[in-house]
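Asker: My questions all concern the structure below.
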Amino acid sequence: MSGVLVVLEHRNGAWARMSWEAIAAAGQLAQICGGNVYTAALGGELGALSAEAASHGGAKLHTLEHAQLAQYTPEGYTLALEELIRKHQPAWVVFAHTYRTRDFAPRLATRFQQVLIADVISLRGEDGAPVFVRQMMQGKLNADYRKTGDGPGFVSVQAGAFREEVSSSTAAIEPFAVTLDAGQIRTKPGEPFRESAQTVDLGAASLIVSVGRGIKEQDNIPVVQELADALGAELAASRPICDNGWLPMERQVGSSGQTVAPKLYLAVGISGAIQHLVGMKGSKSIVAINKDENAPIFEVADYGIVGDLFEIVPALTEAVRKAKGA
Amino acid sequence: MKIVVAIKQVPVRDTNVRIDASGKWIDEADLEFEINEPDAYALEEALQLKDEHGGEVIALCAGPEHAGSMIREALAKGADRAIHIECDDLGSLDTLGVAQRLAAAVKAENPDLILTGLQSDDLGLGQTGVVMAELLGIPHSTIIMHVAVDGAAIKVKRELEDGWFQQIEMPLPALLTIQSGIHRLRYATLMGIKKAKTKEVKKLTPAELGAAPAAAITVERIYAPEKKKQTQILKGSPQETAAQLVEKLKYEVRVI
Ligand SMILES: Cc1cc2nc3c(=O)[nH]c(=O)nc-3n(C[C@H](O)[C@H](O)[C@H](O)COP(=O)(O)OP(=O)(O)OC[C@H]3O[C@@H](n4cnc5c(N)ncnc54)[C@H](O)[C@@H]3O)c2cc1C
Ligand SMILES: Nc1ncnc2c1ncn2[C@@H]1O[C@H](COP(=O)(O)O)[C@@H](O)[C@H]1O
């Protein structure tokens, strides 16, 4: 058992960038436990995708092409990768922590009596073995994990946690014949679709005031709306605010909403869960107002005010108006 | 339709957690607990399916004695009965160990549908449901926003990244992990609370559910994350901090 196998992911005919970050994580892992990095790509027909994936490095790219893999299903991916792993026996299997990985990788790991160490933010070697860091308690704590059992280890890495590297080598492409038949796949996936056209393009906004569950109720939304108006900013929100219907869905920032990168992102009563952070951490300047000094939002904030938003925000609105001479 | 909903009790959001003496888990001594947020939506989905199609909703929980209050609340909201696997050792199990326990309890019930939350607020693993499905040998789907039942099959709406969705069909029995926020949650009525007192809570011990598999992964220690970014914390009264921030926005961020 040796080497690190990276399972790559493509959607709508394009590779997910996070796949290259997973290759970088696998490179670090291979330095600790030895062996080569291999990659695997699954699909109906991969076509030009194979050559592109191979250019991102690794010793070998295993291509798993089969009509039953043309569309992603958890069962198809589990069966195909189980076969590949049993044949090649990598010491570690690495994934990008995407929705798809969440969907099938725990199932695949279970086939080997293993547990996926999910959403890893960093790794290091200790006594020749890898230690993986992942977050707990909504990002308030970190935890160090080790693998204890025998058999292949399974790890998925968080978006943005590992930096994609430019590869100097090209992987040799090696087709792997999988045996799958339609009867083994019970889930029937439909085509991906979008719900409604977006009329607010938060991505283009240069100033954003964003509100989270700290606002407590819908009737309090004007407190932050007034601040946004004073600054001339767009109003955005964390997911629970939109789920509750307090602001329209199209104002949601995060992994399942919009990705924004304004000059100023002012987060009010938002804890800073990873799914929110991935949508806004590219902002030039981040300000957080939160009553909890340990809230993870302060991990990414340039300026912070620890305190009650219901006292701070009105004072801030007032001060902004005054500064603008309004 | 017989539906099992896996619900877990977790520390109340926004509480300040302290690390315990072992360094591997949080000090639970003074903590308050509540139902894991997505699990409340899984329960609501189960109750709505029952409202529509009839049948039975069974709440399933592995956890210490204090989880009993959450189980009663699920019964008060309308679950018909509950299974409580009473145990204090969840911290020493990995996902496979927990899922194995839950799956063993589910197996005896032979339900049509199993719902779990998509992830727990404390551990944030997002795996227990998927692992249960594999142990039970049934199809599954994750991050589900909507469930439609059509005879012996279901059609679900699965959330994908960046505002995309997908419909997926699968035969029953099946397992779904439910996304937060997909419904308005119901409150327990006075009548419901009264009725809950008479509903069955079957207690099981881990020993009755078979030996736990050896841990495949272990937590070595937990700790507060190191700050990577220098955050300037502005101090003073609300008026003072507001004035300081306006200065920063004017002269450093240059947006005023
Ligand atoms: C698959 C998946 C996709 C997701 N996609 C997204 C997404 O796209 N976008 C998104 O935002 N989330 C998303 N989430 C949800 C995410 O995990 C968090 O649950 C969510 O971001 C939390 O929102 P919040 O910070 O507003 O609420 P909470 O986490 O409840 O935080 C509220 C904050 O307000 C503070 N607060 C409370 N009262 C006050 C007060 N009076 N004054 C000041 N501060 C106060 C608290 O200290 C706390 O930090 C997703 C989750 C999953 C599992
Ligand atoms: N001890 C438990 N008892 C009941 N359900 C659980 C338990 N642990 C996890 N679950 C279920 O599995 C889901 C995912 O949990 P996790 O894999 O820990 O993120 C939760 O939302 C619950 O529905």
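Note on naming: chains are A, B, ... as they come in the structure tokens, residues start from 1 per chain, ligands start from 1 in the order shown.
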Please report, as a PyMOL selection string, each residue of range 44-242 of chain A to which DSSP assigns strand (DSSP E) when run on this structure's backbone.
Answerer: chain A and resi 60-65+92-96+117-126+129-136+141-147+153-157+172-175+188-189+193-194+207-211+234-237
Asker: Generate a file of the selected residues that holds C-alpha atoms, formatted as a PDB file, in the first residue's frame.
Answerer:
```
ATOM      1  CA  LYS A  60      -0.161   8.788 -13.395  1.00  0.00           C
ATOM      2  CA  LEU A  61      -3.674   9.823 -14.289  1.00  0.00           C
ATOM      3  CA  HIS A  62      -6.135   6.940 -14.076  1.00  0.00           C
ATOM      4  CA  THR A  63      -9.023   7.583 -16.430  1.00  0.00           C
ATOM      5  CA  LEU A  64     -12.240   5.765 -15.557  1.00  0.00           C
ATOM      6  CA  GLU A  65     -14.562   6.084 -18.542  1.00  0.00           C
ATOM      7  CA  TRP A  92      -4.272   7.719   1.042  1.00  0.00           C
ATOM      8  CA  VAL A  93      -7.130   8.963  -1.091  1.00  0.00           C
ATOM      9  CA  VAL A  94      -7.602  12.738  -1.247  1.00  0.00           C
ATOM     10  CA  PHE A  95     -10.632  14.741  -2.418  1.00  0.00           C
ATOM     11  CA  ALA A  96     -11.593  18.401  -2.614  1.00  0.00           C
ATOM     12  CA  ILE A 117     -11.354  12.925   7.588  1.00  0.00           C
ATOM     13  CA  ALA A 118     -13.435  15.686   6.071  1.00  0.00           C
ATOM     14  CA  ASP A 119     -12.918  19.373   5.358  1.00  0.00           C
ATOM     15  CA  VAL A 120      -9.246  19.431   6.381  1.00  0.00           C
ATOM     16  CA  ILE A 121      -7.636  22.883   6.599  1.00  0.00           C
ATOM     17  CA  SER A 122      -3.989  21.819   7.023  1.00  0.00           C
ATOM     18  CA  LEU A 123      -1.796  18.807   7.585  1.00  0.00           C
ATOM     19  CA  ARG A 124       1.655  18.132   8.996  1.00  0.00           C
ATOM     20  CA  GLY A 125       3.922  15.176   9.747  1.00  0.00           C
ATOM     21  CA  GLU A 126       4.547  13.997  13.290  1.00  0.00           C
ATOM     22  CA  ALA A 129       2.672  10.010  10.211  1.00  0.00           C
ATOM     23  CA  PRO A 130       0.284  12.711   9.050  1.00  0.00           C
ATOM     24  CA  VAL A 131      -1.813  14.771  11.456  1.00  0.00           C
ATOM     25  CA  PHE A 132      -4.827  16.495   9.914  1.00  0.00           C
ATOM     26  CA  VAL A 133      -6.423  19.684  11.210  1.00  0.00           C
ATOM     27  CA  ARG A 134     -10.142  20.286  10.806  1.00  0.00           C
ATOM     28  CA  GLN A 135     -12.546  22.732  12.390  1.00  0.00           C
ATOM     29  CA  MET A 136     -15.205  21.994  14.984  1.00  0.00           C
ATOM     30  CA  LEU A 141     -12.140  25.266  17.633  1.00  0.00           C
ATOM     31  CA  ASN A 142      -9.604  23.263  15.665  1.00  0.00           C
ATOM     32  CA  ALA A 143      -9.042  19.550  16.105  1.00  0.00           C
ATOM     33  CA  ASP A 144      -6.032  17.364  15.243  1.00  0.00           C
ATOM     34  CA  TYR A 145      -6.964  14.000  13.755  1.00  0.00           C
ATOM     35  CA  ARG A 146      -4.927  10.898  13.105  1.00  0.00           C
ATOM     36  CA  LYS A 147      -5.779   7.705  11.334  1.00  0.00           C
ATOM     37  CA  GLY A 153      -6.995   6.648   4.588  1.00  0.00           C
ATOM     38  CA  PHE A 154      -9.570   9.071   3.164  1.00  0.00           C
ATOM     39  CA  VAL A 155      -9.193  12.834   3.401  1.00  0.00           C
ATOM     40  CA  SER A 156     -11.046  15.798   1.895  1.00  0.00           C
ATOM     41  CA  VAL A 157      -9.615  19.320   1.905  1.00  0.00           C
ATOM     42  CA  ALA A 172       1.047   9.492 -17.866  1.00  0.00           C
ATOM     43  CA  ILE A 173      -2.558   8.711 -18.792  1.00  0.00           C
ATOM     44  CA  GLU A 174      -3.576   5.164 -17.933  1.00  0.00           C
ATOM     45  CA  PRO A 175      -7.128   4.018 -18.678  1.00  0.00           C
ATOM     46  CA  LYS A 188     -31.490   8.629 -11.206  1.00  0.00           C
ATOM     47  CA  PRO A 189     -30.066  12.130 -11.458  1.00  0.00           C
ATOM     48  CA  PHE A 193     -30.903  23.731 -13.093  1.00  0.00           C
ATOM     49  CA  ARG A 194     -31.039  27.239 -11.666  1.00  0.00           C
ATOM     50  CA  LEU A 207     -19.433  48.425  -0.738  1.00  0.00           C
ATOM     51  CA  ILE A 208     -21.464  45.753   1.043  1.00  0.00           C
ATOM     52  CA  VAL A 209     -23.119  45.736   4.445  1.00  0.00           C
ATOM     53  CA  SER A 210     -24.031  42.165   5.269  1.00  0.00           C
ATOM     54  CA  VAL A 211     -26.365  41.041   8.010  1.00  0.00           C
ATOM     55  CA  GLU A 234     -25.620  47.140  -1.095  1.00  0.00           C
ATOM     56  CA  LEU A 235     -27.288  45.087   1.620  1.00  0.00           C
ATOM     57  CA  ALA A 236     -26.368  41.384   1.687  1.00  0.00           C
ATOM     58  CA  ALA A 237     -26.957  38.576   4.174  1.00  0.00           C
TER      59      ALA A 237
END
```
Asker: If you count only C-alpha atoms, which residues fall within 7 Å of range 199-212 of chain B, apart from same-chain ones fewer than 2 positions away, as a PyMOL selection string?
Answerer: chain B and resi 80-87+97+101+104-105+195-197+214
Asker: Compile the residues of chain B that lie within 6 Å of chain A, evaluated using only C-alpha atoms, and express the compilation as a PyMOL selection string.
Answerer: chain B and resi 122-123+127+130-131+134+142+161-170+181+216-225+231-234+238-239+242
Asker: Tell me, as a PyMOL selection string, which residues lie within 8 Å of Glu73 in chain B, counting only C-alpha atoms; anything in the same chain fewer than 3 positions away does not count.
Answerer: chain B and resi 69-70+76-77+188+193+196
Asker: Might you pull out every residue within 6 Å of range 5-13 of chain B, with only C-alpha atoms counted and same-chain residues fewer than 4 positions away left off, and present them as a PyMOL selection string?
Answerer: chain B and resi 32-36+39+59-61+67+114-116
Asker: Can you write out the residues you just picked, keeping C-alpha atoms, as a JSON list (two decimals), in the first residue's frame?
Answerer:
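What landed in out14.json:
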```json
[["chain", "number", "residue", "atom", "x", "y", "z"],
["B", 32, "GLU", "CA", -27.12, 24.18, 27.50],
["B", 33, "PHE", "CA", -28.17, 21.91, 24.68],
["B", 34, "GLU", "CA", -30.62, 22.07, 21.80],
["B", 35, "ILE", "CA", -31.58, 20.05, 18.76],
["B", 36, "ASN", "CA", -29.00, 20.21, 15.97],
["B", 39, "ASP", "CA", -32.16, 17.93, 12.36],
["B", 59, "ALA", "CA", -37.29, 9.96, 16.30],
["B", 60, "LEU", "CA", -33.92, 8.28, 16.82],
["B", 61, "CYS", "CA", -31.14, 9.62, 18.98],
["B", 67, "ALA", "CA", -30.95, 14.26, 25.22],
["B", 114, "ILE", "CA", -34.64, 7.69, 6.92],
["B", 115, "LEU", "CA", -33.92, 11.38, 7.33],
["B", 116, "THR", "CA", -30.91, 12.95, 9.01]]
```
Asker: Out of range 89-308 of chain A, which residues get helix (DSSP H, G or I) from DSSP, as number ranges by chain?
Answerer: A: 99-111, 137-139, 182-184, 202-204, 213-215, 218-231, 239-243, 249-251, 274-277, 296-299
Asker: Which one of B:Arg186, B:Arg158, B:Lys228, B:Lys107 sits closest to ligand 1 if you count only C-alpha atoms and all ligand atoms?
Answerer: B:Arg158
Asker: Where does chain B meet ligand 1 within 10 Å, residue by residue, with the nearest atom pair and distance in Å to one decimal for each, counting only C-alpha atoms and all ligand atoms, listed by chain and rising number, as a tab-separated table?
Answerer:
```
residue	atom	partner	partner_atom_place_in_ligand_line	distance
B:Val12	CA	ligand 1	30 (O)	10.0
B:Arg13	CA	ligand 1	30 (O)	6.5
B:Asp14	CA	ligand 1	47 (O)	5.5
B:Thr15	CA	ligand 1	47 (O)	8.5
B:Asn16	CA	ligand 1	47 (O)	9.6
B:Glu37	CA	ligand 1	19 (O)	8.8
B:Pro38	CA	ligand 1	53 (C)	8.5
B:Gly117	CA	ligand 1	53 (C)	9.4
B:Leu118	CA	ligand 1	53 (C)	6.5
B:Gln119	CA	ligand 1	53 (C)	6.5
B:Ser120	CA	ligand 1	53 (C)	9.0
B:Asp121	CA	ligand 1	19 (O)	8.3
B:Gly124	CA	ligand 1	53 (C)	8.5
B:Gly126	CA	ligand 1	53 (C)	8.0
B:Thr142	CA	ligand 1	1 (C)	9.3
B:Ile143	CA	ligand 1	1 (C)	6.5
B:Ile144	CA	ligand 1	1 (C)	9.7
B:Glu159	CA	ligand 1	1 (C)	7.9
B:Leu160	CA	ligand 1	1 (C)	8.4
B:Glu161	CA	ligand 1	3 (C)	8.0
B:Asp162	CA	ligand 1	8 (O)	7.9
B:Gly163	CA	ligand 1	8 (O)	8.6
B:Ile178	CA	ligand 1	53 (C)	9.6
B:Gln179	CA	ligand 1	53 (C)	6.9
B:Ser180	CA	ligand 1	53 (C)	7.5
B:Gly181	CA	ligand 1	15 (C)	9.4
```
Asker: For Gln100 in chain B, which of B:Ile58, B:Leu31, B:Leu125, B:Ala215 is the closest residue, counting only C-alpha atoms?
Answerer: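 Closest to Gln100 in chain B of all the choices is B:Ala215.
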Asker: Can you work out which one of B:Ala29, B:Met1, B:Ala62, B:Ile19 has the shortest atom-to-atom distance to Ala46 in chain B, counting only C-alpha atoms?
Answerer: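 Ranked by minimum distance to Ala46 in chain B, first place goes to B:Met1.
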Asker: Quick one: everything within 7 Å of Ala24 in chain A, counting only C-alpha atoms, minus sequence neighbours fewer than 6 positions away in the same chain. Send it as a list in words.
Answerer: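 After dropping sequence-adjacent residues, the list is Phe162, Arg163, Glu164 and Glu165 of chain A.
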Asker: Keeping only C-alpha atoms, write the selected residues to a file as a PDB file, in the first residue's frame.
Answerer:
```pdb
ATOM      1  CA  PHE A 162      -4.113  24.475   0.070  1.00  0.00           C
ATOM      2  CA  ARG A 163      -2.565  26.553  -2.678  1.00  0.00           C
ATOM      3  CA  GLU A 164      -2.626  25.210  -6.185  1.00  0.00           C
ATOM      4  CA  GLU A 165       0.903  24.675  -7.552  1.00  0.00           C
TER       5      GLU A 165
END
```
Asker: Could you list, as a PyMOL selection string, every residue within 10 Å of Ser50 in chain A, counting only C-alpha atoms and ignoring same-chain residues fewer than 3 positions away?
Answerer: chain A and resi 15+40-42+45-47+53-55+61-63+171+173
Asker: Produce a file of the selected residues containing N, CA, C and O atoms, as a PDB file, in the first residue's frame.
Answerer:
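Saved result, out37.pdb, follows:
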```
ATOM      1  N   TRP A  15     -12.980  21.417 -15.289  1.00  0.00           N
ATOM      2  CA  TRP A  15     -12.441  20.933 -14.015  1.00  0.00           C
ATOM      3  C   TRP A  15     -12.753  21.910 -12.897  1.00  0.00           C
ATOM      4  O   TRP A  15     -12.678  23.120 -13.095  1.00  0.00           O
ATOM      5  N   ALA A  40      -7.083  10.564 -10.428  1.00  0.00           N
ATOM      6  CA  ALA A  40      -8.114   9.763 -11.074  1.00  0.00           C
ATOM      7  C   ALA A  40      -9.209  10.683 -11.595  1.00  0.00           C
ATOM      8  O   ALA A  40      -9.606  11.628 -10.914  1.00  0.00           O
ATOM      9  N   ALA A  41      -9.663  10.406 -12.802  1.00  0.00           N
ATOM     10  CA  ALA A  41     -10.745  11.185 -13.403  1.00  0.00           C
ATOM     11  C   ALA A  41     -11.828  10.226 -13.853  1.00  0.00           C
ATOM     12  O   ALA A  41     -11.542   9.188 -14.447  1.00  0.00           O
ATOM     13  N   LEU A  42     -13.091  10.575 -13.566  1.00  0.00           N
ATOM     14  CA  LEU A  42     -14.209   9.711 -13.925  1.00  0.00           C
ATOM     15  C   LEU A  42     -15.138  10.441 -14.882  1.00  0.00           C
ATOM     16  O   LEU A  42     -15.303  11.658 -14.775  1.00  0.00           O
ATOM     17  N   GLU A  45     -17.188  10.091 -21.310  1.00  0.00           N
ATOM     18  CA  GLU A  45     -16.016  10.235 -22.171  1.00  0.00           C
ATOM     19  C   GLU A  45     -15.308  11.489 -21.718  1.00  0.00           C
ATOM     20  O   GLU A  45     -15.902  12.556 -21.675  1.00  0.00           O
ATOM     21  N   LEU A  46     -14.048  11.381 -21.396  1.00  0.00           N
ATOM     22  CA  LEU A  46     -13.353  12.528 -20.817  1.00  0.00           C
ATOM     23  C   LEU A  46     -12.825  13.477 -21.881  1.00  0.00           C
ATOM     24  O   LEU A  46     -12.704  14.677 -21.646  1.00  0.00           O
ATOM     25  N   GLY A  47     -12.496  12.945 -23.058  1.00  0.00           N
ATOM     26  CA  GLY A  47     -12.014  13.792 -24.151  1.00  0.00           C
ATOM     27  C   GLY A  47     -10.843  14.655 -23.733  1.00  0.00           C
ATOM     28  O   GLY A  47      -9.897  14.181 -23.088  1.00  0.00           O
ATOM     29  N   ALA A  53      -6.104  17.544 -17.239  1.00  0.00           N
ATOM     30  CA  ALA A  53      -5.855  17.035 -15.883  1.00  0.00           C
ATOM     31  C   ALA A  53      -4.419  16.530 -15.770  1.00  0.00           C
ATOM     32  O   ALA A  53      -3.736  16.777 -14.769  1.00  0.00           O
ATOM     33  N   ALA A  54      -3.945  15.847 -16.798  1.00  0.00           N
ATOM     34  CA  ALA A  54      -2.587  15.283 -16.759  1.00  0.00           C
ATOM     35  C   ALA A  54      -1.548  16.390 -16.620  1.00  0.00           C
ATOM     36  O   ALA A  54      -0.508  16.211 -15.981  1.00  0.00           O
ATOM     37  N   SER A  55      -1.849  17.568 -17.194  1.00  0.00           N
ATOM     38  CA  SER A  55      -0.878  18.662 -17.145  1.00  0.00           C
ATOM     39  C   SER A  55      -0.732  19.229 -15.737  1.00  0.00           C
ATOM     40  O   SER A  55       0.173  20.011 -15.473  1.00  0.00           O
ATOM     41  N   LEU A  61      -2.252   9.470 -14.340  1.00  0.00           N
ATOM     42  CA  LEU A  61      -3.674   9.823 -14.289  1.00  0.00           C
ATOM     43  C   LEU A  61      -4.474   8.591 -14.685  1.00  0.00           C
ATOM     44  O   LEU A  61      -4.350   8.105 -15.810  1.00  0.00           O
ATOM     45  N   HIS A  62      -5.257   8.064 -13.760  1.00  0.00           N
ATOM     46  CA  HIS A  62      -6.135   6.940 -14.076  1.00  0.00           C
ATOM     47  C   HIS A  62      -7.427   7.506 -14.651  1.00  0.00           C
ATOM     48  O   HIS A  62      -8.097   8.288 -13.979  1.00  0.00           O
ATOM     49  N   THR A  63      -7.756   7.122 -15.861  1.00  0.00           N
ATOM     50  CA  THR A  63      -9.023   7.583 -16.430  1.00  0.00           C
ATOM     51  C   THR A  63     -10.045   6.455 -16.355  1.00  0.00           C
ATOM     52  O   THR A  63      -9.810   5.354 -16.834  1.00  0.00           O
ATOM     53  N   ALA A 171       1.355  13.992 -16.097  1.00  0.00           N
ATOM     54  CA  ALA A 171       1.069  12.614 -15.703  1.00  0.00           C
ATOM     55  C   ALA A 171       0.879  11.731 -16.934  1.00  0.00           C
ATOM     56  O   ALA A 171       0.365  12.178 -17.957  1.00  0.00           O
ATOM     57  N   ILE A 173      -1.132   9.071 -18.846  1.00  0.00           N
ATOM     58  CA  ILE A 173      -2.558   8.711 -18.792  1.00  0.00           C
ATOM     59  C   ILE A 173      -2.719   7.207 -18.921  1.00  0.00           C
ATOM     60  O   ILE A 173      -2.205   6.586 -19.841  1.00  0.00           O
TER      61      ILE A 173
END
```
Asker: Counting only C-alpha atoms, which residue out of B:Ala103, B:Leu172, B:Leu96, B:Ala133 sits closest to Lys2 in chain B?
Answerer: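 Ranked by minimum distance to Lys2 in chain B, first place goes to B:Leu172.
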Asker: Could you state the separation of CA of His66 in chain A and CA of His88 in chain A in Å, given to one decimal place?
Answerer: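 Here the two named atoms are 18.8 Å from each other.
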